[in-house]
Amino acid sequence: MSVQPQVRPATPDDLAAVFSLVRELADYEQLSDEVTSSADALAAALFAEHPRVFCDVAHGPGEAVAGISVWFYSFSTFRGKHGLYIEDLFVRPKYRGKGYGRALLARAAKRCVAEGLGRLEWAVLDWNEPAIGFYQAQGAQMMDGWTTCRMSDEALWRLADKSL
């Protein structure tokens, strides 16, 4: 008998598990050296009076947190609507293939439909074939021809200083 994954909003009691999963994701993506956050910083963002980022957790009945989806609202000028952007979607390896990832993605899709949002988006590393295959099996379209741009640290400060 398989366990039916349950998805719910994260609570402060989930913080240690959520931060642990963020670190596990960074390890999996070979980006551990880029993690400068802390559990306290994550708590301040997720559980602020008016949060701008949110987290859903997946687990089975009586089980520990098996996966997370950290997301925020975006906006499409082309559609004239808000959307939902998933920053992190991660399921611990021992829970993969058991519906946890699909349950997290479906929760985001249901939110989009219920709120009349224009799209659901996220990024995946181009070498992550298991994730790409999973997303395509859910009906996701890979956006060839688009490159993610990022500015942080010294480059961000340098541009901000020149623009002030």
# chains A, B, ... in the order shown; residues from 1 in each chain; ligands from 1
call {"tool": "residues_around", "arguments": {"residues": "segment 109-122 of chain A", "least_positions_apart": "5", "cutoff": "7 Å", "atoms": "only C-alpha atoms", "output": "VMD selection string"}}
result
chain A and resid 79 81 to 87
call {"tool": "residues_around", "arguments": {"residues": "Asp14 of chain A", "least_positions_apart": "3", "cutoff": "10 Å", "atoms": "only C-alpha atoms", "output": "list of chain:residue names"}}
result
A:Pro9, A:Ala10, A:Thr11, A:Ala17, A:Val18, A:Phe19, A:Ser20, A:Ala43, A:Cys55, A:Asp56, A:Val57, A:Ala64, A:Val65
call {"tool": "write_last_selection", "arguments": {"atoms": "C-alpha atoms", "output": "CSV table (one decimal), in the first residue's frame"}}
result
chain,number,residue,atom,x,y,z
A,9,PRO,CA,2.0,25.4,3.8
A,10,ALA,CA,5.2,25.3,5.8
A,11,THR,CA,4.9,26.4,9.5
A,17,ALA,CA,13.5,20.5,7.8
A,18,VAL,CA,13.0,23.2,5.1
A,19,PHE,CA,16.4,24.7,5.6
A,20,SER,CA,17.9,21.2,5.6
A,43,ALA,CA,12.3,32.2,8.8
A,55,CYS,CA,6.9,27.4,1.1
A,56,ASP,CA,4.8,24.3,0.8
A,57,VAL,CA,6.0,21.0,2.3
A,64,ALA,CA,8.8,13.8,8.3
A,65,VAL,CA,9.0,16.5,5.5
call {"tool": "closest_residue", "arguments": {"among": "A:Leu25, A:Phe134, A:Met143, A:Trp127", "to": "Arg96 of chain A", "atoms": "only C-alpha atoms"}}
result
A:Phe134
call {"tool": "select_by_dssp", "arguments": {"residues": "chain A", "states": "helix (DSSP H, G or I)", "output": "JSON list (two decimals) with C-alpha atoms, in the first residue's frame"}}
result
[["chain", "number", "residue", "atom", "x", "y", "z"],
["A", 12, "PRO", "CA", 7.68, 27.68, 11.77],
["A", 13, "ASP", "CA", 7.86, 24.13, 13.14],
["A", 14, "ASP", "CA", 9.03, 23.00, 9.67],
["A", 15, "LEU", "CA", 11.91, 25.47, 9.51],
["A", 16, "ALA", "CA", 14.71, 23.05, 10.35],
["A", 17, "ALA", "CA", 13.46, 20.54, 7.76],
["A", 18, "VAL", "CA", 12.96, 23.24, 5.11],
["A", 19, "PHE", "CA", 16.45, 24.67, 5.62],
["A", 20, "SER", "CA", 17.92, 21.16, 5.59],
["A", 21, "LEU", "CA", 16.21, 20.49, 2.25],
["A", 22, "VAL", "CA", 17.53, 23.78, 0.84],
["A", 23, "ARG", "CA", 21.05, 22.65, 1.77],
["A", 24, "GLU", "CA", 20.42, 19.17, 0.30],
["A", 25, "LEU", "CA", 19.24, 20.82, -2.93],
["A", 26, "ALA", "CA", 22.38, 22.95, -3.05],
["A", 27, "ASP", "CA", 24.50, 19.81, -2.56],
["A", 28, "TYR", "CA", 22.59, 17.98, -5.31],
["A", 32, "SER", "CA", 26.73, 24.39, -1.81],
["A", 33, "ASP", "CA", 29.32, 27.16, -1.94],
["A", 34, "GLU", "CA", 26.56, 29.59, -2.97],
["A", 39, "ALA", "CA", 17.61, 29.18, 9.02],
["A", 40, "ASP", "CA", 16.96, 32.56, 10.68],
["A", 41, "ALA", "CA", 17.04, 34.40, 7.34],
["A", 42, "LEU", "CA", 14.68, 31.86, 5.85],
["A", 43, "ALA", "CA", 12.33, 32.17, 8.83],
["A", 44, "ALA", "CA", 12.33, 35.96, 8.53],
["A", 45, "ALA", "CA", 11.37, 35.72, 4.84],
["A", 46, "LEU", "CA", 8.80, 32.92, 5.05],
["A", 93, "PRO", "CA", 15.98, 10.93, -2.89],
["A", 94, "LYS", "CA", 14.29, 8.18, -0.88],
["A", 95, "TYR", "CA", 10.87, 9.73, -1.63],
["A", 100, "TYR", "CA", 5.77, 13.83, -3.72],
["A", 101, "GLY", "CA", 7.20, 16.02, -6.49],
["A", 102, "ARG", "CA", 4.01, 15.74, -8.50],
["A", 103, "ALA", "CA", 1.95, 16.64, -5.43],
["A", 104, "LEU", "CA", 4.04, 19.78, -4.85],
["A", 105, "LEU", "CA", 3.80, 20.79, -8.50],
["A", 106, "ALA", "CA", 0.06, 20.06, -8.58],
["A", 107, "ARG", "CA", -0.45, 22.25, -5.49],
["A", 108, "ALA", "CA", 1.20, 25.15, -7.32],
["A", 109, "ALA", "CA", -0.88, 24.48, -10.45],
["A", 110, "LYS", "CA", -4.09, 24.43, -8.39],
["A", 111, "ARG", "CA", -3.14, 27.75, -6.81],
["A", 112, "CYS", "CA", -2.56, 29.24, -10.28],
["A", 113, "VAL", "CA", -5.94, 28.04, -11.53],
["A", 114, "ALA", "CA", -7.82, 29.09, -8.38],
["A", 115, "GLU", "CA", -6.26, 32.58, -8.41],
["A", 129, "GLU", "CA", 18.10, 14.92, -16.82],
["A", 130, "PRO", "CA", 16.00, 13.20, -14.11],
["A", 131, "ALA", "CA", 14.31, 16.50, -13.22],
["A", 132, "ILE", "CA", 13.85, 17.48, -16.86],
["A", 133, "GLY", "CA", 12.25, 14.12, -17.61],
["A", 134, "PHE", "CA", 9.96, 14.48, -14.58],
["A", 135, "TYR", "CA", 8.89, 18.00, -15.56],
["A", 136, "GLN", "CA", 8.24, 17.01, -19.16],
["A", 137, "ALA", "CA", 6.15, 14.05, -17.96],
["A", 153, "ASP", "CA", 27.47, 40.40, -4.93],
["A", 154, "GLU", "CA", 30.13, 42.80, -6.26],
["A", 155, "ALA", "CA", 28.55, 43.25, -9.71],
["A", 156, "LEU", "CA", 25.22, 44.19, -8.13],
["A", 157, "TRP", "CA", 26.84, 46.66, -5.76],
["A", 158, "ARG", "CA", 28.96, 48.15, -8.54],
["A", 159, "LEU", "CA", 25.91, 48.72, -10.77],
["A", 160, "ALA", "CA", 23.84, 50.13, -7.89],
["A", 161, "ASP", "CA", 26.63, 52.53, -6.93],
["A", 162, "LYS", "CA", 26.96, 53.83, -10.50],
["A", 163, "SER", "CA", 23.19, 54.27, -10.72]]
call {"tool": "atom_distance", "arguments": {"atom1": "atom CA of Phe78 of chain A", "atom2": "atom CA of His50 of chain A"}}
result
27.0 Å
